[in-house]
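What follows is the content of work_35.txt, which has compact mmCIF, C-alpha atoms and all ligand atoms:
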```txt
# COMPACT_ATOMS: atom_id res chain seq x y z
CA MET R 1 -2.85 14.62 11.18
CA LEU R 2 -3.53 12.31 8.28
CA SER R 3 -1.00 11.45 5.60
CA ASP R 4 -1.10 9.55 2.30
CA ALA R 5 2.35 8.57 1.08
CA HIS R 6 1.24 7.64 -2.43
CA CYS R 7 -1.93 8.77 -4.19
CA HIS R 8 -3.15 9.14 -7.78
CA LEU R 9 -5.64 11.99 -8.19
CA ALA R 10 -6.90 10.73 -11.57
CA GLY R 11 -7.97 14.28 -12.36
CA SER R 12 -10.18 14.68 -9.26
CA ARG R 13 -10.39 18.32 -8.20
CA GLU R 14 -12.73 17.21 -5.42
CA LEU R 15 -10.08 14.93 -3.91
CA ALA R 16 -7.35 17.56 -4.31
CA ASN R 17 -9.57 20.08 -2.48
CA LEU R 18 -10.38 17.66 0.33
CA GLN R 19 -6.69 16.85 0.86
CA GLN R 20 -5.97 20.55 1.09
CA GLN R 21 -8.89 21.42 3.38
CA ASP R 22 -8.16 18.55 5.75
CA GLN R 23 -4.40 19.26 5.56
CA ILE R 24 -3.63 15.67 4.60
CA LEU R 25 0.09 15.44 3.86
CA THR R 26 0.13 13.65 0.49
CA ILE R 27 2.53 12.69 -2.28
CA ILE R 28 0.54 12.88 -5.49
CA ASN R 29 1.91 10.71 -8.24
CA CYS R 30 2.39 12.01 -11.81
CA GLN R 31 3.27 9.48 -14.48
CA SER R 32 3.39 11.74 -17.54
CA PRO R 33 4.30 15.34 -18.30
CA ALA R 34 0.58 16.04 -18.94
CA GLU R 35 -0.37 14.60 -15.54
CA TRP R 36 2.29 16.74 -13.84
CA GLU R 37 0.85 19.86 -15.44
CA GLY R 38 -2.72 18.82 -14.55
CA ASN R 39 -1.90 17.98 -10.94
CA THR R 40 0.05 21.22 -10.52
CA LEU R 41 -3.13 23.09 -11.49
CA LEU R 42 -5.40 20.91 -9.31
CA THR R 43 -3.25 21.27 -6.20
CA GLY R 44 -2.21 24.88 -6.74
CA ALA R 45 1.29 23.69 -5.83
CA HIS R 46 0.11 23.20 -2.22
CA GLN R 47 0.86 19.49 -2.25
CA HIS R 48 3.92 17.33 -2.83
CA LEU R 49 4.13 15.78 -6.29
CA SER R 50 6.22 12.86 -7.47
CA PHE R 51 7.14 12.30 -11.09
CA GLY R 52 8.37 9.14 -12.77
CA ILE R 53 7.78 6.94 -15.79
CA HIS R 54 5.73 3.98 -14.58
CA PRO R 55 6.82 0.53 -15.83
CA TRP R 56 3.54 0.18 -17.73
CA GLN R 57 4.48 3.27 -19.76
CA ALA R 58 8.17 2.45 -20.18
CA THR R 59 7.99 2.74 -23.98
CA ASP R 60 5.62 5.74 -24.21
CA PHE R 61 8.10 8.61 -23.72
CA ARG R 62 11.47 9.73 -25.03
CA TRP R 63 14.09 10.64 -22.41
CA PRO R 64 14.33 14.33 -23.47
CA GLU R 65 10.54 14.69 -22.84
CA VAL R 66 10.96 13.29 -19.34
CA THR R 67 14.08 14.98 -17.98
CA PRO R 68 12.59 18.49 -17.45
CA TYR R 69 10.04 16.90 -15.09
CA LEU R 70 12.62 14.77 -13.30
CA GLU R 71 14.49 18.03 -12.74
CA LYS R 72 11.37 19.80 -11.37
CA THR R 73 10.18 17.03 -9.06
CA ALA R 74 11.49 16.54 -5.52
CA VAL R 75 10.54 12.84 -5.53
CA VAL R 76 11.09 10.36 -8.38
CA GLY R 77 8.38 7.73 -8.80
CA GLU R 78 6.56 5.58 -8.95
CA ILE R 79 9.14 3.72 -11.00
CA GLY R 80 10.10 0.07 -11.13
CA LEU R 81 9.43 -3.24 -12.81
CA ASP R 82 6.27 -5.31 -13.31
CA ASN R 83 5.83 -8.75 -14.87
CA VAL R 84 2.24 -9.29 -13.72
CA TRP R 85 0.04 -6.40 -14.84
CA THR R 86 1.73 -5.35 -18.10
CA ASP R 87 3.03 -6.82 -21.36
CA VAL R 88 5.69 -4.13 -21.75
CA ASN R 89 9.01 -5.85 -22.44
CA LEU R 90 11.12 -6.20 -19.28
CA LEU R 91 14.28 -5.05 -21.04
CA ASP R 92 12.53 -1.81 -21.99
CA GLN R 93 11.24 -1.47 -18.42
CA SER R 94 14.73 -2.03 -16.99
CA ARG R 95 16.33 0.55 -19.27
CA VAL R 96 13.86 3.27 -18.22
CA PHE R 97 13.95 2.20 -14.56
CA GLU R 98 17.74 2.32 -14.33
CA ALA R 99 17.99 5.65 -16.15
CA GLN R 100 15.60 7.15 -13.60
CA LEU R 101 17.40 5.49 -10.66
CA GLN R 102 20.67 6.94 -11.93
CA PHE R 103 19.10 10.40 -12.27
CA ALA R 104 17.57 10.23 -8.78
CA HIS R 105 20.86 9.07 -7.30
CA ASP R 106 22.88 11.78 -9.05
CA HIS R 107 20.41 14.52 -8.04
CA ARG R 108 19.81 13.18 -4.51
CA LYS R 109 16.06 12.77 -4.93
CA PRO R 110 14.19 10.05 -3.00
CA VAL R 111 12.42 7.32 -5.01
CA ILE R 112 9.03 5.54 -4.86
CA LEU R 113 9.21 1.93 -6.10
CA HIS R 114 6.74 -0.33 -7.92
CA THR R 115 7.90 -3.93 -7.63
CA LYS R 116 5.02 -6.17 -8.82
CA GLY R 117 6.30 -9.68 -9.50
CA CYS R 118 9.86 -8.36 -9.88
CA GLU R 119 10.69 -7.99 -6.20
CA ARG R 120 14.02 -9.80 -6.52
CA ALA R 121 15.15 -7.87 -9.63
CA VAL R 122 14.21 -4.50 -8.10
CA LEU R 123 16.00 -5.42 -4.87
CA LYS R 124 19.19 -6.23 -6.81
CA THR R 125 18.94 -3.15 -9.02
CA ILE R 126 18.44 -0.53 -6.30
CA GLN R 127 21.56 -1.69 -4.49
CA LYS R 128 23.56 -0.19 -7.38
CA TYR R 129 22.00 3.24 -6.66
CA PRO R 130 22.13 4.00 -2.92
CA ASN R 131 19.25 6.34 -2.10
CA ARG R 132 16.21 6.88 0.12
CA TYR R 133 13.55 4.44 -1.11
CA MET R 134 9.83 4.05 -0.51
CA VAL R 135 8.54 0.59 -1.41
CA HIS R 136 4.93 1.05 -2.44
CA TRP R 137 2.16 -1.58 -1.94
CA TYR R 138 4.55 -4.46 -1.28
CA ALA R 139 2.33 -7.54 -1.30
CA THR R 140 4.49 -10.64 -1.01
CA LYS R 141 6.25 -12.29 1.92
CA ASP R 142 9.37 -12.77 -0.24
CA TYR R 143 12.40 -10.52 0.38
CA GLN R 144 10.66 -8.37 3.01
CA ARG R 145 13.69 -8.68 5.30
CA ASP R 146 16.09 -7.81 2.49
CA TYR R 147 14.27 -4.56 1.75
CA ILE R 148 14.03 -3.75 5.47
CA ARG R 149 17.79 -4.27 5.71
CA LEU R 150 18.26 -1.58 3.04
CA ASP R 151 16.45 0.87 5.39
CA CYS R 152 13.57 1.40 2.93
CA PHE R 153 10.32 3.10 3.84
CA PHE R 154 7.18 0.99 3.21
CA THR R 155 3.62 2.04 2.46
CA ILE R 156 0.78 0.01 3.92
CA GLY R 157 -2.56 0.29 2.14
CA VAL R 158 -6.14 -0.91 2.34
CA ASP R 159 -5.31 -4.57 1.79
CA VAL R 160 -3.63 -4.79 5.20
CA LEU R 161 -7.10 -6.00 6.22
CA THR R 162 -7.20 -8.82 3.65
CA ASP R 163 -3.66 -9.81 2.59
CA PRO R 164 -1.58 -11.78 5.14
CA ALA R 165 1.68 -10.75 3.41
CA VAL R 166 0.81 -7.06 3.89
CA ALA R 167 -0.26 -7.66 7.49
CA GLN R 168 3.08 -9.38 8.10
CA LEU R 169 4.97 -6.44 6.63
CA ALA R 170 2.91 -3.95 8.68
CA GLN R 171 4.12 -5.72 11.82
CA ASP R 172 7.78 -6.09 10.82
CA VAL R 173 8.69 -2.69 9.33
CA PRO R 174 10.69 -0.57 11.79
CA LEU R 175 8.30 1.99 13.28
CA ASN R 176 10.21 4.93 11.78
CA ARG R 177 9.96 3.47 8.26
CA LEU R 178 6.21 2.85 8.24
CA LEU R 179 3.86 4.86 5.97
CA ILE R 180 0.17 4.73 5.07
CA GLU R 181 -1.04 5.07 1.47
CA THR R 182 -4.29 4.84 -0.48
CA ASP R 183 -2.82 4.70 -4.03
CA GLY R 184 -5.89 6.77 -4.98
CA LEU R 185 -9.61 6.08 -5.18
CA GLU R 186 -9.37 3.71 -8.13
CA ALA R 187 -6.98 1.48 -6.18
CA ILE R 188 -9.29 1.52 -3.15
CA ARG R 189 -12.16 0.43 -5.38
CA TRP R 190 -9.97 -2.19 -7.09
CA ALA R 191 -8.97 -3.60 -3.69
CA GLY R 192 -12.62 -4.32 -2.94
CA ASP R 193 -14.19 -1.15 -1.58
CA THR R 194 -16.14 -0.85 -4.82
CA GLU R 195 -18.26 2.18 -3.90
CA ALA R 196 -15.45 4.32 -2.43
CA THR R 197 -16.05 8.04 -3.04
CA VAL R 198 -14.05 11.15 -2.25
CA ALA R 199 -16.07 11.52 0.97
CA ASP R 200 -14.87 8.06 2.06
CA TYR R 201 -11.21 8.91 1.54
CA PRO R 202 -10.36 10.11 5.09
CA HIS R 203 -12.22 7.10 6.53
CA VAL R 204 -10.17 4.74 4.37
CA LEU R 205 -6.97 6.28 5.75
CA HIS R 206 -8.28 6.02 9.32
CA ARG R 207 -9.30 2.39 8.75
CA SER R 208 -5.78 1.45 7.57
CA ILE R 209 -4.24 3.31 10.53
CA ARG R 210 -6.51 1.47 12.98
CA ALA R 211 -5.67 -1.90 11.37
CA VAL R 212 -1.89 -1.33 11.48
CA ALA R 213 -2.07 0.06 15.03
CA ALA R 214 -3.98 -3.05 16.14
CA LEU R 215 -1.39 -5.34 14.50
CA ARG R 216 1.41 -3.51 16.32
CA GLY R 217 -0.40 -3.14 19.65
CA MET R 218 -0.31 0.65 19.46
CA ALA R 219 -2.86 3.41 19.93
CA ALA R 220 -4.24 4.56 16.57
CA ASP R 221 -3.61 8.26 17.24
CA GLU R 222 -0.03 7.49 18.18
CA LEU R 223 0.50 5.59 14.92
CA GLU R 224 -1.21 8.37 12.94
CA THR R 225 1.30 10.90 14.27
CA GLN R 226 4.22 8.56 13.71
CA VAL R 227 3.45 7.83 10.03
CA TYR R 228 2.93 11.56 9.41
CA ARG R 229 6.37 12.28 10.87
CA ASN R 230 7.81 9.43 8.81
CA LEU R 231 6.44 10.91 5.60
CA GLU R 232 7.95 14.27 6.55
CA ALA R 233 11.27 12.48 7.07
CA PHE R 234 11.00 10.77 3.68
CA LEU R 235 10.37 14.18 2.06
CA ALA R 236 13.09 16.03 4.00
ZN ZN N 1 0.40 3.98 -7.62
```

Can the structure in the file be given as structure tokens, please?
Amino acid sequence: MLSDAHCHLAGSRELANLQQQDQILTIINCQSPAEWEGNTLLTGAHQHLSFGIHPWQATDFRWPEVTPYLEKTAVVGEIGLDNVWTDVNLLDQSRVFEAQLQFAHDHRKPVILHTKGCERAVLKTIQKYPNRYMVHWYATKDYQRDYIRLDCFFTIGVDVLTDPAVAQLAQDVPLNRLLIETDGLEAIRWAGDTEATVADYPHVLHRSIRAVAALRGMAADELETQVYRNLEAFLA
């Protein structure tokens, strides 16, 4: 029973079909109204979608364009702040981030967070909006304990094999808050598996599960079941 807590389809019908055939419980991310519409068609509404304005696109949409999709989605995200991979002004990012946090809080929808380089600012901001949070691809040793204290869920991805900060997190997250993600095929390729194809996708998930299970001294099939149940709990 595989699960992928955060995945970008990037328009791949092949990947959407594989996830459905293999019954992989997935949250597919949509970062624009057009992507929401496209992913709804690709998945035939058989998969969970999340919708949120990504920090890299903080200035690309007007709020009235976005709200119908925030109303439709069951999960808000990925949203957050980023001072590493984008030049978008941080004040603009913060404005859009907080508006979405407020919406998610008011409508009781769980949130997927992007924190790159802004881990401290995101940590401070989310404390104003109590909610169920998933911290996605958290790759620094800083503030791990602070996020754990807020009872966040955490995704562990392919770089658990290569990044000591991620390996540390994979060991320290409470077992019922642990999730596995791929972030999509492009992210797998970016992280070093340059040839990754749709056919490799289930193997990539299994590889991450085996790595995390080894770090925690658990059986891989036991961990696989646990992270599936955790994703169900996040979605509940
Ligand atoms: Zn992502």

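For R:Glu224, the non-local neighbours within 7 Å, defined as residues at least 6 positions apart in the same chain or in other chains and counting all atoms listed in the file, are Met1, Leu2 and Ile209 of chain R.
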
Go through chain R residue by residue and, counting all atoms listed in the file, keep those with an atom at most 10 Å from ligand ZN 1 (chain N); for each kept residue give the shortest atom pair and its distance in Å to one decimal, ordered by chain and increasing number, as CSV.
```
residue,atom,partner,partner_atom,distance
R:His6,CA,N:ZN1,ZN,6.4
R:Cys7,CA,N:ZN1,ZN,6.3
R:His8,CA,N:ZN1,ZN,6.3
R:Ile28,CA,N:ZN1,ZN,9.2
R:Asn29,CA,N:ZN1,ZN,6.9
R:Cys30,CA,N:ZN1,ZN,9.3
R:Gln31,CA,N:ZN1,ZN,9.2
R:His54,CA,N:ZN1,ZN,8.8
R:Gly77,CA,N:ZN1,ZN,8.9
R:Glu78,CA,N:ZN1,ZN,6.5
R:Ile79,CA,N:ZN1,ZN,9.4
R:Ile112,CA,N:ZN1,ZN,9.2
R:Leu113,CA,N:ZN1,ZN,9.2
R:His114,CA,N:ZN1,ZN,7.7
R:His136,CA,N:ZN1,ZN,7.5
R:Trp137,CA,N:ZN1,ZN,8.1
R:Glu181,CA,N:ZN1,ZN,9.3
R:Thr182,CA,N:ZN1,ZN,8.6
R:Asp183,CA,N:ZN1,ZN,4.9
R:Gly184,CA,N:ZN1,ZN,7.4
R:Glu186,CA,N:ZN1,ZN,9.8
R:Ala187,CA,N:ZN1,ZN,7.9
```

Interatomic distance, atom CA of R:Pro55 to atom CA of R:Val76 (Å, one decimal):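 Computing it gives 13.1 Å between the two atoms.
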
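Look at R:Thr115: the protein and nucleic acid residues within 9 Å of it, using only C-alpha atoms and passing over chain neighbours fewer than 5 places away, are Ile79, Gly80, Leu81, Asp82, Asn83, Arg120, Ala121, Val122, Leu123, Val135, His136, Trp137 and Tyr138 of chain R.
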
Build an axis-aligned box that encloses every atom of stretch 138-145 of chain R listed in the file, pad it by 3 Å on each side, and report its centre and edge lengths in Å to one decimal, as AutoDock Vina command-line options.
```
--center_x 8.0 --center_y -8.6 --center_z 2.0 --size_x 17.4 --size_y 14.3 --size_z 12.6
```

Separation of atom CA of R:Gln226 from atom CA of R:Leu18, in Å and rounded to one decimal: 21.8 Å

Residue nearest R:Gly11 - candidates R:Val173, R:Leu185, R:Leu91, R:Leu205, atoms counted: all atoms listed in the file: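 Nearest to R:Gly11: R:Leu185.
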
Spatial neighbours of stretch 155-161 of chain R, max dist 7 Å, all atoms listed in the file, sep filter under 2 positions, as JSON, numbers by chain: {"R": [5, 135, 136, 137, 153, 163, 166, 167, 170, 178, 179, 180, 181, 182, 188, 191, 208, 211]}

One-decimal distance in Å that lies between atom CA of R:Asn17 and atom CA of R:Ser50: 18.1 Å

Within 12 Å of R:Thr40 using all atoms listed in the file, minus same-chain residues under 3 positions, as a list in words: Leu9, Gly11, Arg13, Ala16, Ile28, Asn29, Cys30, Pro33, Ala34, Glu35, Trp36, Glu37, Thr43, Gly44, Ala45, His46, Gln47, His48, Leu49, Ser50, Phe51, Tyr69, Lys72 and Thr73 of chain R

Counting all atoms listed in the file, the residue of R:Trp63, R:Ala220, R:His206, R:Ile27 that sits nearest R:Phe97: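 Residue with the minimum atom-to-atom distance to R:Phe97: R:Trp63.
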
Need to verify the contact set: R:Arg177, 10 Å, all atoms listed in the file, exclusion of same-chain residues closer than 2 positions in sequence. Can you return it as a PDB file with C-alpha atoms, in the frame of the given file?
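What follows is the written file selection32.pdb:
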```pdb
ATOM      1  CA  MET R 134       9.830   4.050  -0.510  1.00  0.00           C
ATOM      2  CA  ILE R 148      14.030  -3.750   5.470  1.00  0.00           C
ATOM      3  CA  ASP R 151      16.450   0.870   5.390  1.00  0.00           C
ATOM      4  CA  CYS R 152      13.570   1.400   2.930  1.00  0.00           C
ATOM      5  CA  PHE R 153      10.320   3.100   3.840  1.00  0.00           C
ATOM      6  CA  PHE R 154       7.180   0.990   3.210  1.00  0.00           C
ATOM      7  CA  THR R 155       3.620   2.040   2.460  1.00  0.00           C
ATOM      8  CA  VAL R 173       8.690  -2.690   9.330  1.00  0.00           C
ATOM      9  CA  PRO R 174      10.690  -0.570  11.790  1.00  0.00           C
ATOM     10  CA  LEU R 175       8.300   1.990  13.280  1.00  0.00           C
ATOM     11  CA  LEU R 179       3.860   4.860   5.970  1.00  0.00           C
ATOM     12  CA  GLN R 226       4.220   8.560  13.710  1.00  0.00           C
ATOM     13  CA  VAL R 227       3.450   7.830  10.030  1.00  0.00           C
ATOM     14  CA  ARG R 229       6.370  12.280  10.870  1.00  0.00           C
ATOM     15  CA  ASN R 230       7.810   9.430   8.810  1.00  0.00           C
ATOM     16  CA  LEU R 231       6.440  10.910   5.600  1.00  0.00           C
ATOM     17  CA  ALA R 233      11.270  12.480   7.070  1.00  0.00           C
ATOM     18  CA  PHE R 234      11.000  10.770   3.680  1.00  0.00           C
TER      19      PHE R 234
END
```
